[in-house]
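What follows is a single structure, written as structure tokens, with notes after it.
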Amino acid sequence: MSAPIQRQAASGFPLQDLKSGFLVFLIALPLCLGIALASGFPPVGGVITAIVGGVLVSHLGSARLTIKGPAAGLIVIAIGAVSELGAGDPIVGYKRALAVGVVAALIQIVFSLFRVATLGIAMSPSVVHGMLAAIGVIIISKQSHVLLGVVPSAKEPLDLLAEIPNSLVHANPLVAAIGFLSLLILFGLPLLPFQWLKKIPSQLIVLAVAVPIGLAFGIDHEHTYKFMGASYPLGPKSLVNLPASLLGAMTFPDFSQVLSATSIKYILMFALVGTIESTLTVLAVDSLDPERQPSDLNRDLFAVGVGNLVASSIGGLPMISEVVRSKANVDAGARSRWSNFFHGSFLLLSVALIPAMLHHIPLAALAAMLVFTGTRLASPREFTHVWHIGPDQLLLFTTTLVVTLATDLLIGVGSGLALKILLHWIRGASPATLLGSRIERSGSGGVVRLTINGAAGFPTLLKIQKELGGLDVDTRRVVIDLSRVRLVDHTFLSRIEAMGEELASASLVIEGLDSMKASSHHPHATRRRTG
């Protein structure tokens, strides 16, 4: 145990977690408001979720350093549920979407009891990144118009993207000025040479600049103004609208359509995509943990499911373990679950004590934060990174991206996974081979050899994880022998490395890769035996 942790335990008060929780709160507040708005929920709905995720879920066995709350990755599902279930009435759609969230939460709890979260380690990283890139594009397509102060006529992502030039021409100048200035801060701050400035959350700087400018423009009262001979409206509709109290914000689900085909579709999407995203975030944050303490994925999913059940029952968005805030939490020096608790507590205090101040946040500033998030999810660097792993991974990535944009998340992810299995089949590893791979265990003297027969694909990871979980305490070295396999896929290589890092006292070595042909020079590239 490190010295700082010993001092924390001795003092009895988690001071470092209080500091990290406050920093995450500063980042989370505007993002929670923006994600809720983009999801078709009232702004306070995102804050309710983060409060539940921090104050409640942190005590239910959630992963130690993760932050629970609403995430950009679920925006597409949430806005789809509100739009389709409401049939033009956003209030009705919101209440019916809450009912969808309640049922999806119950499914997540059942998933955790049947240890389904463990399957998350077998998800293809390229398919997941393709899904996230598609979400990024969809966020950009929707929020660009809010940033410009224009209501678009299009509804679908590709049509919304095509309409951006028209919105630029017809932008509300003062609203757009706030939006573009916010984007300049978000993209420009990391480029500045001042290290002290980079320690301040860029979202907080955006609010510190956008709120006074909005007030100077008179955005808090309804009026029109002229710019280059044209008249434009400006008023409180361009600001965040929050209730006077959290009790007044609570909204209860409408279960009248919960058994409809549309509801069932979104229940499955929330349960599956939310579980996958949250599980992968926990795995990612575990890899950043200085103490390398692996989390119990199913216990964390249970905590998230309970949190979603509570949040959806009182008007909140679905929650997951959110990657950006969780990484900020680790970087800030968080030591335990108390940081997530404090982050939720600060959010509760902010809504309870300063709702009038939050009401002055311009929507254009929140839209800029979401556009910034979208560009990070769909960054061109993602395409380059996947290409370096191999052409097959780029194909999986782009297929998931394009199909998701053209249809929805569930079909997009399903298409990516189906293509992955097809590519393996073409390379000589049929579905039966992938599922029927065998592992022979041998060794002595603290060395364990796991010899894989068949194919080292994503299903084999679950068998490897079971073997690693049953190691003796005196095991010092684990050898993964791939000399008898026909194919080793990217998912297997990328996840097996993370598993090795989580071993408490044993080292993990892979043998048998040198005799196989790789799809690229990347160490995690798919490999197959040609002889």
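Residues are referred to by chain and number: the chain letter is A, B, ... according to the order shown in the structure tokens, the number counts from 1 in that chain, and ligands are numbered separately from 1 in the order shown.
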Residue list (strand (DSSP E or B), DSSP) for region 27-240 of chain A, as a VMD selection string
chain A and resid 67 to 69 223 to 227 230 to 234 239
Exercise: Gly305 (chain A) partners within 8 Å, only C-alpha atoms, chain neighbours under 3 positions left out, as a ChimeraX atom specification
/A:105-109,301-302,308-309
Can you list every residue in region 314-460 of chain A that DSSP puts in helix (DSSP H, G or I), as a ChimeraX atom specification?
/A:323-331,338-353,355-358,363-377,380-389,391-406,409-426,431-435,458-460
Near-region 504-517 of chain A list (12 Å; only C-alpha atoms; drop same-chain fewer than 4 positions) as an MDAnalysis selection string
chainID A and resid 291:294 427 446:452 456 464 468:469 471:489 492:493 496:500 521:531
Need the shell around region 333-346 of chain A: protein/DNA/RNA residues with any atom at most 7 Å away, counting only C-alpha atoms. Skip same-chain ones fewer than 5 positions apart. Format as a PDB file with all heavy atoms, in the first residue's frame?
```
ATOM      1  N   GLN A  16      -8.099  13.020  -0.542  1.00  0.00           N
ATOM      2  CA  GLN A  16      -7.738  12.980  -1.955  1.00  0.00           C
ATOM      3  C   GLN A  16      -8.965  12.681  -2.817  1.00  0.00           C
ATOM      4  O   GLN A  16      -9.128  13.234  -3.902  1.00  0.00           O
ATOM      5  CB  GLN A  16      -6.662  11.919  -2.198  1.00  0.00           C
ATOM      6  CG  GLN A  16      -6.126  11.887  -3.628  1.00  0.00           C
ATOM      7  CD  GLN A  16      -5.510  13.205  -4.039  1.00  0.00           C
ATOM      8  OE1 GLN A  16      -4.778  13.837  -3.291  1.00  0.00           O
ATOM      9  NE2 GLN A  16      -5.838  13.651  -5.254  1.00  0.00           N
ATOM     10  N   ASP A  17      -9.863  11.821  -2.328  1.00  0.00           N
ATOM     11  CA  ASP A  17     -11.090  11.516  -3.062  1.00  0.00           C
ATOM     12  C   ASP A  17     -12.031  12.717  -3.084  1.00  0.00           C
ATOM     13  O   ASP A  17     -12.766  12.924  -4.053  1.00  0.00           O
ATOM     14  CB  ASP A  17     -11.800  10.312  -2.439  1.00  0.00           C
ATOM     15  CG  ASP A  17     -11.063   9.019  -2.708  1.00  0.00           C
ATOM     16  OD1 ASP A  17     -10.582   8.837  -3.833  1.00  0.00           O
ATOM     17  OD2 ASP A  17     -10.953   8.187  -1.793  1.00  0.00           O
ATOM     18  N   LEU A  18     -12.019  13.515  -2.034  1.00  0.00           N
ATOM     19  CA  LEU A  18     -12.820  14.739  -2.016  1.00  0.00           C
ATOM     20  C   LEU A  18     -12.337  15.690  -3.104  1.00  0.00           C
ATOM     21  O   LEU A  18     -13.146  16.285  -3.843  1.00  0.00           O
ATOM     22  CB  LEU A  18     -12.713  15.409  -0.644  1.00  0.00           C
ATOM     23  CG  LEU A  18     -13.456  16.740  -0.482  1.00  0.00           C
ATOM     24  CD1 LEU A  18     -14.960  16.519  -0.551  1.00  0.00           C
ATOM     25  CD2 LEU A  18     -13.079  17.410   0.841  1.00  0.00           C
ATOM     26  N   SER A  20     -10.561  14.904  -5.903  1.00  0.00           N
ATOM     27  CA  SER A  20     -10.825  14.356  -7.237  1.00  0.00           C
ATOM     28  C   SER A  20     -12.315  14.392  -7.548  1.00  0.00           C
ATOM     29  O   SER A  20     -12.716  14.664  -8.681  1.00  0.00           O
ATOM     30  CB  SER A  20     -10.290  12.935  -7.347  1.00  0.00           C
ATOM     31  OG  SER A  20     -10.850  12.097  -6.356  1.00  0.00           O
ATOM     32  N   GLY A  21     -13.154  14.139  -6.542  1.00  0.00           N
ATOM     33  CA  GLY A  21     -14.599  14.204  -6.750  1.00  0.00           C
ATOM     34  C   GLY A  21     -15.059  15.589  -7.129  1.00  0.00           C
ATOM     35  O   GLY A  21     -15.953  15.756  -7.974  1.00  0.00           O
ATOM     36  N   PHE A  22     -14.442  16.621  -6.527  1.00  0.00           N
ATOM     37  CA  PHE A  22     -14.806  17.996  -6.870  1.00  0.00           C
ATOM     38  C   PHE A  22     -14.390  18.330  -8.305  1.00  0.00           C
ATOM     39  O   PHE A  22     -15.149  18.970  -9.045  1.00  0.00           O
ATOM     40  CB  PHE A  22     -14.141  18.976  -5.896  1.00  0.00           C
ATOM     41  CG  PHE A  22     -14.480  20.417  -6.157  1.00  0.00           C
ATOM     42  CD1 PHE A  22     -15.744  20.903  -5.886  1.00  0.00           C
ATOM     43  CD2 PHE A  22     -13.533  21.274  -6.701  1.00  0.00           C
ATOM     44  CE1 PHE A  22     -16.066  22.240  -6.140  1.00  0.00           C
ATOM     45  CE2 PHE A  22     -13.847  22.602  -6.958  1.00  0.00           C
ATOM     46  CZ  PHE A  22     -15.119  23.083  -6.671  1.00  0.00           C
ATOM     47  N   VAL A  24     -14.062  16.227 -10.813  1.00  0.00           N
ATOM     48  CA  VAL A  24     -14.959  15.515 -11.718  1.00  0.00           C
ATOM     49  C   VAL A  24     -16.324  16.194 -11.753  1.00  0.00           C
ATOM     50  O   VAL A  24     -16.967  16.264 -12.801  1.00  0.00           O
ATOM     51  CB  VAL A  24     -15.090  14.033 -11.303  1.00  0.00           C
ATOM     52  CG1 VAL A  24     -16.127  13.321 -12.167  1.00  0.00           C
ATOM     53  CG2 VAL A  24     -13.752  13.325 -11.425  1.00  0.00           C
ATOM     54  N   PHE A  25     -16.777  16.712 -10.617  1.00  0.00           N
ATOM     55  CA  PHE A  25     -18.041  17.450 -10.575  1.00  0.00           C
ATOM     56  C   PHE A  25     -18.027  18.637 -11.532  1.00  0.00           C
ATOM     57  O   PHE A  25     -19.011  18.888 -12.240  1.00  0.00           O
ATOM     58  CB  PHE A  25     -18.309  17.906  -9.136  1.00  0.00           C
ATOM     59  CG  PHE A  25     -19.077  19.191  -9.014  1.00  0.00           C
ATOM     60  CD1 PHE A  25     -20.422  19.251  -9.326  1.00  0.00           C
ATOM     61  CD2 PHE A  25     -18.438  20.360  -8.590  1.00  0.00           C
ATOM     62  CE1 PHE A  25     -21.130  20.442  -9.219  1.00  0.00           C
ATOM     63  CE2 PHE A  25     -19.120  21.551  -8.482  1.00  0.00           C
ATOM     64  CZ  PHE A  25     -20.477  21.593  -8.800  1.00  0.00           C
ATOM     65  N   ALA A  50     -26.556  11.368 -12.480  1.00  0.00           N
ATOM     66  CA  ALA A  50     -25.214  11.436 -11.896  1.00  0.00           C
ATOM     67  C   ALA A  50     -25.261  11.461 -10.377  1.00  0.00           C
ATOM     68  O   ALA A  50     -24.374  10.899  -9.707  1.00  0.00           O
ATOM     69  CB  ALA A  50     -24.487  12.671 -12.426  1.00  0.00           C
ATOM     70  N   ILE A  51     -26.285  12.094  -9.814  1.00  0.00           N
ATOM     71  CA  ILE A  51     -26.431  12.100  -8.351  1.00  0.00           C
ATOM     72  C   ILE A  51     -26.676  10.676  -7.843  1.00  0.00           C
ATOM     73  O   ILE A  51     -26.041  10.228  -6.884  1.00  0.00           O
ATOM     74  CB  ILE A  51     -27.579  13.039  -7.928  1.00  0.00           C
ATOM     75  CG1 ILE A  51     -27.193  14.506  -8.203  1.00  0.00           C
ATOM     76  CG2 ILE A  51     -27.918  12.854  -6.444  1.00  0.00           C
ATOM     77  CD1 ILE A  51     -28.338  15.483  -8.003  1.00  0.00           C
ATOM     78  N   GLY A  53     -25.927   7.961  -9.449  1.00  0.00           N
ATOM     79  CA  GLY A  53     -24.728   7.190  -9.753  1.00  0.00           C
ATOM     80  C   GLY A  53     -23.607   7.425  -8.766  1.00  0.00           C
ATOM     81  O   GLY A  53     -22.792   6.525  -8.521  1.00  0.00           O
ATOM     82  N   GLY A  54     -23.555   8.614  -8.187  1.00  0.00           N
ATOM     83  CA  GLY A  54     -22.514   8.905  -7.216  1.00  0.00           C
ATOM     84  C   GLY A  54     -22.911   8.571  -5.795  1.00  0.00           C
ATOM     85  O   GLY A  54     -22.229   7.806  -5.105  1.00  0.00           O
ATOM     86  N   VAL A  55     -24.028   9.100  -5.350  1.00  0.00           N
ATOM     87  CA  VAL A  55     -24.427   8.975  -3.944  1.00  0.00           C
ATOM     88  C   VAL A  55     -24.869   7.553  -3.605  1.00  0.00           C
ATOM     89  O   VAL A  55     -24.530   7.025  -2.540  1.00  0.00           O
ATOM     90  CB  VAL A  55     -25.546   9.982  -3.615  1.00  0.00           C
ATOM     91  CG1 VAL A  55     -26.050   9.787  -2.195  1.00  0.00           C
ATOM     92  CG2 VAL A  55     -25.050  11.415  -3.823  1.00  0.00           C
ATOM     93  N   SER A  58     -22.180   4.212  -5.649  1.00  0.00           N
ATOM     94  CA  SER A  58     -20.833   4.080  -5.091  1.00  0.00           C
ATOM     95  C   SER A  58     -20.805   3.165  -3.861  1.00  0.00           C
ATOM     96  O   SER A  58     -19.767   2.621  -3.513  1.00  0.00           O
ATOM     97  CB  SER A  58     -20.276   5.462  -4.714  1.00  0.00           C
ATOM     98  OG  SER A  58     -21.123   6.108  -3.770  1.00  0.00           O
ATOM     99  N   ARG A  64     -14.110   0.522  -8.417  1.00  0.00           N
ATOM    100  CA  ARG A  64     -13.524   1.439  -7.438  1.00  0.00           C
ATOM    101  C   ARG A  64     -13.311   2.861  -7.953  1.00  0.00           C
ATOM    102  O   ARG A  64     -13.618   3.835  -7.272  1.00  0.00           O
ATOM    103  CB  ARG A  64     -12.185   0.845  -6.980  1.00  0.00           C
ATOM    104  CG  ARG A  64     -11.623   1.391  -5.704  1.00  0.00           C
ATOM    105  CD  ARG A  64     -10.512   0.484  -5.220  1.00  0.00           C
ATOM    106  NE  ARG A  64      -9.445   0.370  -6.203  1.00  0.00           N
ATOM    107  CZ  ARG A  64      -8.384   1.163  -6.239  1.00  0.00           C
ATOM    108  NH1 ARG A  64      -8.252   2.119  -5.347  1.00  0.00           N
ATOM    109  NH2 ARG A  64      -7.450   1.002  -7.145  1.00  0.00           N
ATOM    110  N   LEU A  65     -12.765   3.013  -9.142  1.00  0.00           N
ATOM    111  CA  LEU A  65     -12.366   4.335  -9.625  1.00  0.00           C
ATOM    112  C   LEU A  65     -13.240   4.873 -10.757  1.00  0.00           C
ATOM    113  O   LEU A  65     -12.917   5.894 -11.349  1.00  0.00           O
ATOM    114  CB  LEU A  65     -10.901   4.291 -10.092  1.00  0.00           C
ATOM    115  CG  LEU A  65      -9.866   3.894  -9.028  1.00  0.00           C
ATOM    116  CD1 LEU A  65      -8.467   3.939  -9.603  1.00  0.00           C
ATOM    117  CD2 LEU A  65      -9.969   4.784  -7.798  1.00  0.00           C
ATOM    118  N   ILE A  67     -16.598   6.539 -12.582  1.00  0.00           N
ATOM    119  CA  ILE A  67     -17.628   7.534 -12.311  1.00  0.00           C
ATOM    120  C   ILE A  67     -18.888   7.120 -13.056  1.00  0.00           C
ATOM    121  O   ILE A  67     -18.854   6.859 -14.265  1.00  0.00           O
ATOM    122  CB  ILE A  67     -17.184   8.933 -12.776  1.00  0.00           C
ATOM    123  CG1 ILE A  67     -15.935   9.377 -11.996  1.00  0.00           C
ATOM    124  CG2 ILE A  67     -18.315   9.948 -12.595  1.00  0.00           C
ATOM    125  CD1 ILE A  67     -16.133   9.542 -10.508  1.00  0.00           C
TER     126      ILE A  67
END
```
Give one line per residue of region 66-135 of chain A that approaches region 266-283 of chain A to at most 9 Å, naming the two atoms of the closest pair and their distance in Å to one decimal, counting only C-alpha atoms; sort by chain then ascending residue number and deliver it as CSV.
```
residue,atom,partner,partner_atom,distance
A:Thr66,CA,A:Val282,CA,6.7
A:Lys68,CA,A:Ser278,CA,9.0
A:Gly73,CA,A:Glu277,CA,7.8
A:Leu74,CA,A:Gly274,CA,7.2
A:Ile77,CA,A:Tyr266,CA,6.9
A:Ala78,CA,A:Phe270,CA,8.3
A:Gly80,CA,A:Tyr266,CA,8.2
A:Ala81,CA,A:Tyr266,CA,6.3
A:Ala97,CA,A:Tyr266,CA,8.5
A:Val100,CA,A:Ile267,CA,5.4
A:Gly101,CA,A:Ile267,CA,6.8
A:Val102,CA,A:Ile267,CA,8.7
A:Val103,CA,A:Ile267,CA,6.6
A:Ala104,CA,A:Ala271,CA,4.9
A:Ala105,CA,A:Ala271,CA,6.8
A:Leu106,CA,A:Ala271,CA,8.8
A:Ile107,CA,A:Ala271,CA,6.5
A:Gln108,CA,A:Ala271,CA,5.9
A:Phe111,CA,A:Thr275,CA,8.7
A:Val116,CA,A:Thr275,CA,9.0
A:Ala117,CA,A:Thr279,CA,6.5
A:Thr118,CA,A:Thr279,CA,8.2
A:Leu119,CA,A:Ile276,CA,8.6
A:Gly120,CA,A:Ile276,CA,5.7
A:Ile121,CA,A:Leu280,CA,7.3
A:Met123,CA,A:Ile276,CA,8.0
A:Val128,CA,A:Glu277,CA,8.2
```
Using only C-alpha atoms, which residues sit within 7 Å of Thr491 (chain A) once same-chain residues fewer than 6 positions away are excluded, as a ChimeraX atom specification?
/A:122,124-125,458
Produce a table with one row for each residue of region 114-146 of chain A that has an atom at most 6 Å from any atom of region 371-388 of chain A, each row naming the nearest atom pair and its distance in Å at one decimal; use only C-alpha atoms; arrange rows by chain and rising residue number; format as JSON lines.
```
{"residue": "A:Leu132", "atom": "CA", "partner": "A:Leu377", "partner_atom": "CA", "distance": 5.9}
{"residue": "A:Ala133", "atom": "CA", "partner": "A:Ala378", "partner_atom": "CA", "distance": 4.1}
{"residue": "A:Gly136", "atom": "CA", "partner": "A:Gly374", "partner_atom": "CA", "distance": 3.8}
{"residue": "A:Ile139", "atom": "CA", "partner": "A:Gly374", "partner_atom": "CA", "distance": 5.6}
{"residue": "A:Ile140", "atom": "CA", "partner": "A:Val371", "partner_atom": "CA", "distance": 5.0}
```
Using only C-alpha atoms, can you tell me which of A:Ser444, A:Thr398, A:Ser295, A:Ser141 comes closest to Gly61 (chain A)?
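Among the listed residues, the smallest separation from Gly61 (chain A) belongs to A:Ser295.
Computed from the coordinates, the CA of Ser442 (chain A) to CA of Gly454 (chain A) distance equals 17.5 Å.
Among A:Gly69, A:Phe255, A:Ile205, A:Arg495, the residue with the shortest atom-to-atom distance to Val57 (chain A), counting only C-alpha atoms, is A:Gly69.
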Rank nothing, just name the residue among A:Thr400, A:Gln465, A:Ser321, A:Ser520 nearest to Val413 (chain A), using only C-alpha atoms.
A:Thr400
CA of Asp159 (chain A) to CA of Pro173 (chain A): how many Å, to one decimal?
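A separation of 23.1 Å between them.
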Just checking: using only C-alpha atoms, which residue out of A:Pro253, A:Gly443, A:Gly436, A:Gly46 ends up closest to Lys463 (chain A)?
A:Gly436
Distance query region 161-166 of chain A at most 8 Å, only C-alpha atoms, self and fewer than 6 positions along chain excluded, as a ChimeraX atom specification:
/A:140-142,144-145,152,154
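For the choices A:Gln195, A:Thr49, A:Ile361, A:Gly428, the atom-to-atom distance to Leu246 (chain A) is smallest for A:Thr49 when using only C-alpha atoms.
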Distance query Ala134 (chain A) at most 7 Å, only C-alpha atoms, self and fewer than 2 positions along chain excluded, as a list in words:
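Skipping anything fewer than 2 positions along the chain leaves Gly130, Met131, Leu132, Gly136, Val137, Ile138, Ala378, Leu401, Thr404 and Leu405 of chain A.
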I need the residues from that last selection saved to file as an mmCIF file, in the first residue's frame (with N, CA and C atoms), if you can.
```cif
data_model
loop_
_atom_site.group_PDB
_atom_site.id
_atom_site.type_symbol
_atom_site.label_atom_id
_atom_site.label_comp_id
_atom_site.auth_asym_id
_atom_site.auth_seq_id
_atom_site.Cartn_x
_atom_site.Cartn_y
_atom_site.Cartn_z
ATOM 1 N N GLY A 130 -16.117 1.365 -33.763
ATOM 2 C CA GLY A 130 -16.976 1.772 -34.872
ATOM 3 C C GLY A 130 -18.309 2.289 -34.382
ATOM 4 N N MET A 131 -18.866 1.624 -33.356
ATOM 5 C CA MET A 131 -20.112 2.076 -32.750
ATOM 6 C C MET A 131 -19.941 3.458 -32.119
ATOM 7 N N LEU A 132 -18.845 3.644 -31.387
ATOM 8 C CA LEU A 132 -18.607 4.927 -30.735
ATOM 9 C C LEU A 132 -18.372 6.037 -31.756
ATOM 10 N N GLY A 136 -20.447 9.444 -32.269
ATOM 11 C CA GLY A 136 -19.825 10.761 -32.394
ATOM 12 C C GLY A 136 -20.354 11.538 -33.583
ATOM 13 N N VAL A 137 -20.479 10.872 -34.728
ATOM 14 C CA VAL A 137 -21.005 11.529 -35.927
ATOM 15 C C VAL A 137 -22.446 11.980 -35.708
ATOM 16 N N ILE A 138 -23.246 11.124 -35.065
ATOM 17 C CA ILE A 138 -24.652 11.470 -34.819
ATOM 18 C C ILE A 138 -24.756 12.667 -33.876
ATOM 19 N N ALA A 378 -15.282 10.380 -32.968
ATOM 20 C CA ALA A 378 -15.179 10.095 -34.409
ATOM 21 C C ALA A 378 -13.939 10.736 -35.012
ATOM 22 N N LEU A 401 -19.711 1.466 -38.347
ATOM 23 C CA LEU A 401 -19.976 2.909 -38.422
ATOM 24 C C LEU A 401 -21.067 3.222 -39.436
ATOM 25 N N THR A 404 -24.574 1.622 -38.670
ATOM 26 C CA THR A 404 -25.201 2.321 -37.540
ATOM 27 C C THR A 404 -25.793 3.648 -37.987
ATOM 28 N N LEU A 405 -25.060 4.397 -38.793
ATOM 29 C CA LEU A 405 -25.567 5.685 -39.287
ATOM 30 C C LEU A 405 -26.796 5.491 -40.165
#
```
Among the residues A:Ser260, A:Asn172, A:Ser126, A:Ser202, the one that comes closest to Val146 (chain A) [using only C-alpha atoms]
A:Asn172
Hey, can you check how far CA of Cys32 (chain A) sits from CA of Pro212 (chain A)?
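Rounded to one decimal, the two atoms are 20.7 Å apart.
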